[in-house]
Amino acid sequence: MNILGIWDGHDSGAALLQEGQLRFAVNEERFSRRKLEILFPNRSIDACLGHAKLGPAQVDIVAATTSDPAKTLGRLWPASKERYYAVRRRKAPPGALAGLTRGLKYRLTEWAPGRVSKALSAAALRRQLHRHGFTRSEVWIVDHHEAHAAAAAWAADFAPCAVLTIDGLGDGLSATISMFRDGRLERVAASPARCSVGVFFEHVTNLLNMRELEDEGKVMALADYAAPIADADNPLLPWVRVRAGVIETEW
C-alpha cells in the first residue's frame, strides 16, 4: 500500500510510506527556497512520487491533518496564508487593522473542528489534490495531536508507553497525553488551545520584535544570557493555576 502524507500549513511538506515503511520525506522550503514555506507542497509531492517512480494513480491514501476552522479558512483562502507569511517575515507592513487581525487570528485558532469545518477542509483538499492528479486516492484527515502522537509512538517502537504531545495548538488543543498499547492510541487527557505554552512563547518572541513561529529558537538561546528574574517579578508571566488537571491561564 502506498500512503502519501502531506502537511499544507506552516513548514509544509510531504512523506511517502510504502507497506508501512517510510520511503521518502521532504519539506517544501527545500524547493521554494522560502524558509518555513506555507504554500501547498506540490513540489514535495512530486519529489516523493519521483523517488519511488510512482504516479498519482498508484497512491492509495493521501493523509493530511487538522480540520479546525482556522486551518479550513487557510485552505479555502490561500491568499490569507500568504499575507500572514509576508507580514511575519517583515516583507509587508502589518496594515491599519493589524491589532484586530491578530486578535481574531488567535481567537479563531482556539476553535475545535466541527462538522462544517471538517467537510470544507476535506473538499478543499480534494480539489487541490485532483489538480495534482490524485483522482482515485482516498483522502484522510486525522486529528492534529493524534498525528504527532502516532509518529512518536510507532517510530519509537516502545510499547506499552505514555505519549505526550505539546504543540502551539491544533484542532482546538495545545497538549495531549495518550496511552499506546497493542498498536493503538488512547487519549487520556488534553489541554485546550487557550492554555498553550507555545502561544505564550510566541507572544514573548513578538514582544521582543522578533518573528513569531520563526525566531523562538533565537529567543531560547538569548535567554541563557539574561539576568535572573524571580517569577513573581516577571511581567511577562501570566497568572497560572491548575484546576481539575487542566492548566488555566489568564492574561
# chains A, B, ... in the order shown; residues from 1 in each chain; ligands from 1
>>> residues_around(residues="Asp8 of chain A", least_positions_apart="5", cutoff="10 Å", atoms="only C-alpha atoms", output="JSON, numbers by chain")
{"A": [13, 14, 28, 37, 38, 39, 40, 41, 42, 64, 65, 66, 71, 74, 75, 125]}
>>> write_last_selection(atoms="C-alpha atoms", output="compact mmCIF listing (two decimals), in the first residue's frame")
# COMPACT_ATOMS: atom_id res chain seq x y z
CA GLY A 13 5.95 19.12 3.13
CA ALA A 14 5.20 15.51 2.19
CA GLU A 28 8.62 22.37 0.55
CA GLU A 37 7.06 27.60 3.45
CA ILE A 38 3.29 27.80 3.92
CA LEU A 39 2.02 27.01 0.42
CA PHE A 40 0.62 23.65 -0.71
CA PRO A 41 3.52 21.15 -1.02
CA ASN A 42 3.23 20.48 -4.75
CA ALA A 64 -3.43 15.13 5.93
CA THR A 65 -4.08 16.60 9.34
CA THR A 66 -6.04 19.34 11.11
CA LYS A 71 -6.89 25.73 9.09
CA GLY A 74 -6.47 28.93 5.09
CA ARG A 75 -7.31 26.06 2.72
CA LEU A 125 -8.01 19.25 -0.01
>>> residues_around(residues="Gly55 of chain A", least_positions_apart="4", cutoff="12 Å", atoms="only C-alpha atoms", output="MDAnalysis selection string")
chainID A and resid 2 4 45:51 59:60 132:137
>>> closest_atom_pairs(of="segment 4-101 of chain A", to="segment 106-119 of chain A", cutoff="9 Å", atoms="only C-alpha atoms", output="CSV")
residue,atom,partner,partner_atom,distance
A:Thr66,CA,A:Pro113,CA,8.1
A:Ser67,CA,A:Lys118,CA,5.2
A:Asp68,CA,A:Pro113,CA,4.0
A:Pro69,CA,A:Ser117,CA,5.4
A:Ala70,CA,A:Thr109,CA,5.2
A:Lys71,CA,A:Thr109,CA,7.9
A:Thr72,CA,A:Ser117,CA,6.0
A:Leu73,CA,A:Ser117,CA,8.5
A:Thr101,CA,A:Tyr106,CA,8.8
>>> select_by_dssp(residues="segment 67-203 of chain A", states="alpha helix (DSSP H)", output="number ranges by chain")
A: 69-76, 78-88, 98-109, 115-131, 144-156, 197-203
>>> atom_distance(atom1="atom CA of Arg127 of chain A", atom2="atom CA of Ala149 of chain A")
27.9 Å
>>> residues_around(residues="Ala162 of chain A", least_positions_apart="5", cutoff="8 Å", atoms="only C-alpha atoms", output="list in words")
Ile177, Ser178, Met179 and Phe180 of chain A
>>> select_by_dssp(residues="segment 126-241 of chain A", states="strand (DSSP E or B)", output="PyMOL selection string")
chain A and resi 138-142+161-170+173-181+184-192+239-241
>>> write_last_selection(atoms="N, CA, C and O atoms", output="CSV table (one decimal), in the first residue's frame")
chain,number,residue,atom,x,y,z
A,138,GLU,N,-8.0,7.7,-1.7
A,138,GLU,CA,-8.8,8.2,-0.5
A,138,GLU,C,-8.1,9.3,0.2
A,138,GLU,O,-6.9,9.4,0.2
A,139,VAL,N,-8.9,10.2,0.7
A,139,VAL,CA,-8.3,11.4,1.4
A,139,VAL,C,-8.7,11.2,2.9
A,139,VAL,O,-9.9,11.2,3.2
A,140,TRP,N,-7.7,11.1,3.8
A,140,TRP,CA,-8.0,11.0,5.2
A,140,TRP,C,-7.4,12.3,5.9
A,140,TRP,O,-6.3,12.8,5.6
A,141,ILE,N,-8.2,12.9,6.8
A,141,ILE,CA,-7.8,14.0,7.6
A,141,ILE,C,-7.8,13.5,9.1
A,141,ILE,O,-8.9,13.2,9.6
A,142,VAL,N,-6.7,13.5,9.7
A,142,VAL,CA,-6.6,12.9,11.0
A,142,VAL,C,-6.4,14.1,12.0
A,142,VAL,O,-6.0,15.2,11.6
A,161,CYS,N,3.4,2.4,26.3
A,161,CYS,CA,4.0,3.6,26.8
A,161,CYS,C,3.0,4.7,26.8
A,161,CYS,O,2.0,4.7,26.2
A,162,ALA,N,3.4,5.8,27.5
A,162,ALA,CA,2.6,7.0,27.5
A,162,ALA,C,3.2,8.0,26.5
A,162,ALA,O,4.4,8.0,26.2
A,163,VAL,N,2.4,8.7,25.8
A,163,VAL,CA,2.8,9.6,24.7
A,163,VAL,C,2.3,11.0,25.0
A,163,VAL,O,1.1,11.2,25.2
A,164,LEU,N,3.2,11.9,25.1
A,164,LEU,CA,2.9,13.3,25.4
A,164,LEU,C,3.2,14.2,24.2
A,164,LEU,O,4.2,14.1,23.5
A,165,THR,N,2.2,15.0,23.8
A,165,THR,CA,2.4,16.0,22.7
A,165,THR,C,2.2,17.4,23.3
A,165,THR,O,1.2,17.6,24.0
A,166,ILE,N,3.1,18.3,23.0
A,166,ILE,CA,3.0,19.7,23.4
A,166,ILE,C,3.3,20.5,22.2
A,166,ILE,O,4.4,20.5,21.6
A,167,ASP,N,2.3,21.2,21.7
A,167,ASP,CA,2.4,22.0,20.4
A,167,ASP,C,2.0,23.4,20.7
A,167,ASP,O,1.5,23.7,21.8
A,168,GLY,N,2.1,24.2,19.7
A,168,GLY,CA,1.5,25.6,19.8
A,168,GLY,C,0.0,25.3,19.9
A,168,GLY,O,-0.6,25.6,21.0
A,169,LEU,N,-0.7,24.8,18.9
A,169,LEU,CA,-2.1,24.4,19.0
A,169,LEU,C,-2.5,23.7,17.7
A,169,LEU,O,-1.7,23.8,16.7
A,170,GLY,N,-3.6,23.1,17.7
A,170,GLY,CA,-4.1,22.4,16.6
A,170,GLY,C,-5.3,21.6,16.9
A,170,GLY,O,-5.4,20.9,17.9
A,173,LEU,N,-6.6,22.1,20.6
A,173,LEU,CA,-5.9,21.6,21.7
A,173,LEU,C,-4.4,22.1,21.6
A,173,LEU,O,-3.9,22.4,20.5
A,174,SER,N,-3.8,22.2,22.8
A,174,SER,CA,-2.3,22.5,22.8
A,174,SER,C,-1.5,21.4,23.3
A,174,SER,O,-0.3,21.4,23.0
A,175,ALA,N,-2.0,20.5,24.0
A,175,ALA,CA,-1.2,19.3,24.5
A,175,ALA,C,-2.2,18.2,24.8
A,175,ALA,O,-3.3,18.3,25.1
A,176,THR,N,-1.6,16.9,24.7
A,176,THR,CA,-2.4,15.7,24.9
A,176,THR,C,-1.5,14.7,25.6
A,176,THR,O,-0.3,14.7,25.5
A,177,ILE,N,-2.1,13.8,26.3
A,177,ILE,CA,-1.5,12.6,26.9
A,177,ILE,C,-2.3,11.4,26.4
A,177,ILE,O,-3.5,11.3,26.6
A,178,SER,N,-1.6,10.4,25.8
A,178,SER,CA,-2.2,9.2,25.3
A,178,SER,C,-1.5,8.0,25.8
A,178,SER,O,-0.3,8.1,26.1
A,179,MET,N,-2.2,6.9,25.9
A,179,MET,CA,-1.5,5.6,26.1
A,179,MET,C,-1.4,4.8,24.8
A,179,MET,O,-2.4,4.8,24.0
A,180,PHE,N,-0.3,4.2,24.6
A,180,PHE,CA,-0.1,3.5,23.3
A,180,PHE,C,0.2,2.0,23.7
A,180,PHE,O,1.1,1.7,24.4
A,181,ARG,N,-0.7,1.1,23.3
A,181,ARG,CA,-0.6,-0.3,23.6
A,181,ARG,C,-1.3,-1.1,22.5
A,181,ARG,O,-2.3,-0.6,22.0
A,184,ARG,N,-2.4,0.7,19.3
A,184,ARG,CA,-3.5,1.7,19.3
A,184,ARG,C,-3.2,2.8,20.3
A,184,ARG,O,-2.6,2.5,21.4
A,185,LEU,N,-3.6,4.0,20.0
A,185,LEU,CA,-3.5,5.1,20.8
A,185,LEU,C,-4.8,5.4,21.5
A,185,LEU,O,-5.9,5.4,20.9
A,186,GLU,N,-4.8,5.7,22.8
A,186,GLU,CA,-6.0,6.1,23.6
A,186,GLU,C,-5.7,7.4,24.3
A,186,GLU,O,-4.8,7.4,25.2
A,187,ARG,N,-6.4,8.4,24.0
A,187,ARG,CA,-6.1,9.7,24.7
A,187,ARG,C,-6.7,9.7,26.1
A,187,ARG,O,-7.9,9.3,26.2
A,188,VAL,N,-6.0,10.1,27.0
A,188,VAL,CA,-6.5,10.1,28.4
A,188,VAL,C,-6.6,11.5,29.0
A,188,VAL,O,-7.3,11.7,30.0
A,189,ALA,N,-5.9,12.5,28.4
A,189,ALA,CA,-6.0,13.9,28.9
A,189,ALA,C,-5.6,14.9,27.8
A,189,ALA,O,-4.9,14.5,26.9
A,190,ALA,N,-6.1,16.1,27.9
A,190,ALA,CA,-5.8,17.1,26.9
A,190,ALA,C,-5.9,18.5,27.5
A,190,ALA,O,-6.6,18.7,28.5
A,191,SER,N,-5.2,19.4,27.0
A,191,SER,CA,-5.2,20.8,27.4
A,191,SER,C,-5.7,21.7,26.3
A,191,SER,O,-5.3,21.5,25.1
A,192,PRO,N,-6.6,22.6,26.5
A,192,PRO,CA,-7.2,23.4,25.4
A,192,PRO,C,-6.2,24.4,24.8
A,192,PRO,O,-5.2,24.8,25.4
A,239,TRP,N,-0.8,34.8,35.2
A,239,TRP,CA,-1.2,34.1,36.4
A,239,TRP,C,-1.7,32.7,36.0
A,239,TRP,O,-2.6,32.6,35.2
A,240,VAL,N,-1.1,31.7,36.6
A,240,VAL,CA,-1.4,30.3,36.2
A,240,VAL,C,-1.8,29.5,37.4
A,240,VAL,O,-1.3,29.6,38.4
A,241,ARG,N,-2.9,28.8,37.2
A,241,ARG,CA,-3.3,27.8,38.2
A,241,ARG,C,-3.7,26.5,37.6
A,241,ARG,O,-4.1,26.5,36.4
>>> atom_distance(atom1="atom CA of Glu212 of chain A", atom2="atom CA of Ala86 of chain A")
12.2 Å
>>> closest_residue(among="A:Gln18, A:Ser32, A:Ser12, A:Ser121", to="Leu54 of chain A", atoms="only C-alpha atoms")
A:Gln18
>>> atom_distance(atom1="atom CA of Ala155 of chain A", atom2="atom CA of Trp7 of chain A")
18.4 Å
>>> residues_around(residues="Glu214 of chain A", least_positions_apart="2", cutoff="10 Å", atoms="only C-alpha atoms", output="list of chain:residue names")
A:Lys35, A:Leu36, A:Arg88, A:Arg89, A:Glu202, A:Thr205, A:Met210, A:Arg211, A:Glu212, A:Glu216, A:Gly217, A:Lys218, A:Val219
>>> residues_around(residues="Ala98 of chain A", least_positions_apart="4", cutoff="12 Å", atoms="only C-alpha atoms", output="list in words")
Arg83, Tyr84, Val87, Arg88, Ala92, Pro93, Pro94, Arg102, Gly103, Leu104 and Lys105 of chain A
>>> closest_residue(among="A:His144, A:Asp157, A:Pro56, A:Met220", to="His130 of chain A", atoms="only C-alpha atoms")
A:Pro56
